[in-house]
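Everything on this sheet refers to the single structure shown next.
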Amino acid sequence: MTDHVLITGGAGFIGTRLARRFVRAGATVTVLDSLISQVHGDDPANTSPLLRSLDGIATVVHGSVTSKEELRAALSGATIVVHLAAETGTGQSMYEIDRYVETNVGGTSKLLDLLANEPNTVRRLVIASSRSVYGEGAYRTPEGAVVYPPHRDDAAMAAGDFDVHLPGHGPLVMVPTDESAKLHPSSVYGITKQMQESLIMTVAPTIGIEPVSLRYQNVYGPGQSLKNPYTGILSIFSTLIRQGKDINIFEDGLESRDFVYIDDVVEATFLAATAPDAAGGIFNVGSGVATTVNEVVAALFDAFGTSVATKISGNYRLGDIRHNVADTTRLRTLLGFEPQVSFREGVAQFVQWVLTEPIEGERYERSLLEMAARNLLK
């Protein structure tokens, strides 16, 4: 391919691997990244393996999507834009509201404003959305109806009832959530991802650009940040295991997520950016398999060959969902893509990489204190 690809947030976990995928296909790649310390350390040139992995691969522009000047410079010559740049993390978004909205929504609006009002060569724009736009996602009632229940009640969770409920119906059973599901995010992060997606899917077609939205599930694998306490439980639990510390399992350990391996995410994103049939589409990117937190802990113990004490505490975070599994039918039928890496296989590869990395543990405890101080962690 002869495309010139701009990846915003391209020095991150997904972006660096995606850059290499495009280069293997013959594309030229530019990366725009603000290199925040929460991901890259205080001296990225020396402390960020992700950034160093782009040496000789891509042109790196140190800048922010909140700056029109820096965006304009990075857009020069681009024919495909993959918009990954975003503040991530459900918990942190509930108290760093302005930063999340400014970066995620403001950065997207600036990108679209430039594309709408200034000459450019962009023909396709891919937005990294999130499963968080669904809130609790799809459930089936005892009568067989598919419903989208409201967010869980604080008082019920405080009493140890962590399941989702819909007034007037009996016990609900989670079912895979497809792209036609109701959008009702339960966190500021989810709201900003919905707004990013809506802006791009609405504006891009009016200016002759093909939009594609990818609703990523829980992405994991070698290279994800071990410094950032908001990147997910695999990183957090791995660090605790290496430190020999107890693992506090929130709720009852039966809450579940759809974990999708980084290589599968990169390939799906590459197809979204290049396949003709992807134009205008919205796609779930996941494994289609629900994995509970208890199962995550067991898989990590197996991969590390050791264990630590665990406690199912009943603690919970406001804004968290109960269950999550994607219906990936559209990704399979339109783009012909199916995930290749099972959770057990992916965890084994993740742990092999983790064991080569320094231990980064103090930020997790700090993040819990920050949330508890704001009454978001109970």
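Naming scheme: A, B, ... for chains in displayed order of the structure tokens; residues 1 onward per chain; ligands 1 onward as shown.
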Q: Please provide the set of residues having any atom within 8 Å of segment 58-70 of chain A, restricted to only C-alpha atoms, with same-chain residues fewer than 3 positions apart removed, written as a PyMOL selection string.
A: chain A and resi 8+19+28-35+54-55+73-74+85+102-103+106-108+110-111+114
Check which residues of segment 301-331 of chain A sit at most 12 Å from segment 272-291 of chain A using only C-alpha atoms, and return one row each with the closest pair of atoms and their distance in Å to one decimal, ordered by chain and rising number, as a tab-separated table.
```
residue	atom	partner	partner_atom	distance
A:Arg322	CA	A:Ala290	CA	11.3
A:His323	CA	A:Ala290	CA	7.8
A:Asn324	CA	A:Ala290	CA	6.6
A:Val325	CA	A:Ala290	CA	5.2
A:Ala326	CA	A:Gly288	CA	5.0
A:Asp327	CA	A:Gly288	CA	5.9
A:Thr328	CA	A:Asn284	CA	5.7
A:Thr329	CA	A:Asn284	CA	8.5
A:Arg330	CA	A:Phe283	CA	6.4
A:Leu331	CA	A:Phe283	CA	5.9
```
Kindly save the residues from that selection, with N, CA and C atoms included, as a compact mmCIF listing (two decimals), in the first residue's frame.
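Writing the result to again-v3.txt gives the following:
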```
# COMPACT_ATOMS: atom_id res chain seq x y z
N ARG A 322 -21.24 -4.67 35.40
CA ARG A 322 -21.20 -6.02 35.95
C ARG A 322 -20.59 -7.01 34.96
N HIS A 323 -21.13 -7.03 33.75
CA HIS A 323 -20.68 -8.01 32.75
C HIS A 323 -20.43 -7.33 31.41
N ASN A 324 -19.74 -8.06 30.56
CA ASN A 324 -19.38 -7.51 29.25
C ASN A 324 -18.91 -8.64 28.34
N VAL A 325 -19.62 -8.84 27.26
CA VAL A 325 -19.13 -9.74 26.21
C VAL A 325 -19.68 -9.23 24.87
N ALA A 326 -18.83 -9.22 23.86
CA ALA A 326 -19.20 -8.64 22.58
C ALA A 326 -19.78 -9.68 21.63
N ASP A 327 -20.77 -9.26 20.86
CA ASP A 327 -21.20 -10.01 19.69
C ASP A 327 -20.31 -9.53 18.53
N THR A 328 -19.49 -10.41 17.99
CA THR A 328 -18.53 -10.03 16.95
C THR A 328 -18.95 -10.50 15.56
N THR A 329 -20.25 -10.77 15.40
CA THR A 329 -20.75 -11.27 14.12
C THR A 329 -20.43 -10.32 12.97
N ARG A 330 -20.62 -9.03 13.20
CA ARG A 330 -20.40 -8.06 12.12
C ARG A 330 -18.95 -8.04 11.68
N LEU A 331 -18.03 -8.12 12.64
CA LEU A 331 -16.60 -8.14 12.30
C LEU A 331 -16.27 -9.37 11.45
```
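Using only C-alpha atoms, the shortest contact distance between Gly91 of chain A and any of A:Tyr148, A:Tyr189, A:Phe304, A:Phe343 is found at A:Tyr189.
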**Q.** Nearest to Ile262 of chain A, chosen from A:Gln217, A:Thr47, A:Asn294, A:Gln243, with only C-alpha atoms counted in the distances
**A.**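 Between A:Gln217, A:Thr47, A:Asn294, A:Gln243, the residue approaching Ile262 of chain A most closely is A:Gln217.
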Q.
Neighbouring residues of Asp3 of chain A were defined as those with any atom within 8 Å, considering only C-alpha atoms; residues of the same chain fewer than 2 positions away were excluded. Please report them as a PyMOL selection string.
A. chain A and resi 1+5+26-28+78-80
Q: Extract, using only C-alpha atoms, all DNA, RNA and protein residues at most 12 Å from Thr202 of chain A, discarding same-chain residues fewer than 2 positions from it, and format them as a ChimeraX atom specification.
A: /A:109,112,125,194-200,204-213,280
Writer output for current selection, N, CA and C atoms, as a CSV table (one decimal), in the first residue's frame:
```csv
chain,number,residue,atom,x,y,z
A,109,SER,N,-13.1,17.1,18.2
A,109,SER,CA,-13.7,18.2,17.6
A,109,SER,C,-12.7,19.0,16.8
A,112,LEU,N,-11.8,17.2,13.6
A,112,LEU,CA,-12.8,17.3,12.6
A,112,LEU,C,-12.9,18.7,12.0
A,125,LEU,N,-11.2,7.8,8.2
A,125,LEU,CA,-11.0,8.1,9.5
A,125,LEU,C,-11.5,7.0,10.5
A,194,GLN,N,-18.6,7.8,23.5
A,194,GLN,CA,-19.8,7.9,22.7
A,194,GLN,C,-19.8,9.2,21.9
A,195,MET,N,-19.3,10.3,22.5
A,195,MET,CA,-19.3,11.6,21.8
A,195,MET,C,-18.3,11.6,20.7
A,196,GLN,N,-17.1,11.0,21.0
A,196,GLN,CA,-16.1,10.9,19.9
A,196,GLN,C,-16.7,10.2,18.7
A,197,GLU,N,-17.3,9.0,19.0
A,197,GLU,CA,-17.8,8.2,17.9
A,197,GLU,C,-18.9,8.9,17.2
A,198,SER,N,-19.8,9.6,17.9
A,198,SER,CA,-20.9,10.3,17.3
A,198,SER,C,-20.5,11.4,16.4
A,199,LEU,N,-19.5,12.2,16.9
A,199,LEU,CA,-18.9,13.3,16.1
A,199,LEU,C,-18.4,12.8,14.8
A,200,ILE,N,-17.5,11.7,14.8
A,200,ILE,CA,-16.9,11.3,13.6
A,200,ILE,C,-17.8,10.6,12.7
A,204,ALA,N,-17.8,13.1,9.4
A,204,ALA,CA,-16.9,12.6,8.3
A,204,ALA,C,-17.6,12.4,7.0
A,205,PRO,N,-18.8,11.8,6.9
A,205,PRO,CA,-19.4,11.6,5.6
A,205,PRO,C,-19.8,12.9,4.9
A,206,THR,N,-20.0,13.9,5.6
A,206,THR,CA,-20.4,15.2,5.0
A,206,THR,C,-19.2,15.9,4.4
A,207,ILE,N,-18.0,15.5,4.7
A,207,ILE,CA,-16.8,16.1,4.1
A,207,ILE,C,-16.0,15.1,3.2
A,208,GLY,N,-16.7,14.1,2.8
A,208,GLY,CA,-16.1,13.2,1.9
A,208,GLY,C,-15.1,12.2,2.5
A,209,ILE,N,-15.2,11.9,3.8
A,209,ILE,CA,-14.2,11.0,4.4
A,209,ILE,C,-15.0,9.8,4.9
A,210,GLU,N,-14.5,8.6,4.7
A,210,GLU,CA,-15.1,7.4,5.2
A,210,GLU,C,-14.9,7.2,6.7
A,211,PRO,N,-15.9,7.2,7.5
A,211,PRO,CA,-15.7,6.9,8.9
A,211,PRO,C,-15.8,5.4,9.3
A,212,VAL,N,-15.0,5.0,10.3
A,212,VAL,CA,-15.2,3.6,10.8
A,212,VAL,C,-15.0,3.7,12.3
A,213,SER,N,-15.9,3.1,13.1
A,213,SER,CA,-15.8,3.1,14.5
A,213,SER,C,-15.6,1.7,15.0
A,280,GLY,N,-17.8,3.3,6.7
A,280,GLY,CA,-19.1,3.6,7.3
A,280,GLY,C,-19.6,2.7,8.4
```
Q: With a distance cut-off of 8 Å and only C-alpha atoms, select the neighbouring residues of Asn120 of chain A, excluding the residue or stretch itself and same-chain residues fewer than 5 positions from it, and output the selection as a PyMOL selection string.
A: chain A and resi 75-78+115
Q: Would you please give, as a PyMOL selection string, all residues of segment 104-351 of chain A that DSSP assigns to strand (DSSP E) based on the backbone?
A: chain A and resi 124-130+139-140+146-147+173-174+210-216+218-220+247-249+256-257+259-261+282-285+291-292+310-312
Q: Please return as an MDAnalysis selection string: the residues of segment 272-320 of chain A that backbone DSSP assigns to helix (DSSP H, G or I).
A: chainID A and resid 272:274 276:278 293:304
Q) So how many Å separate atom CA of Asp302 of chain A and atom CA of Leu254 of chain A, to one decimal? A) 18.8 Å
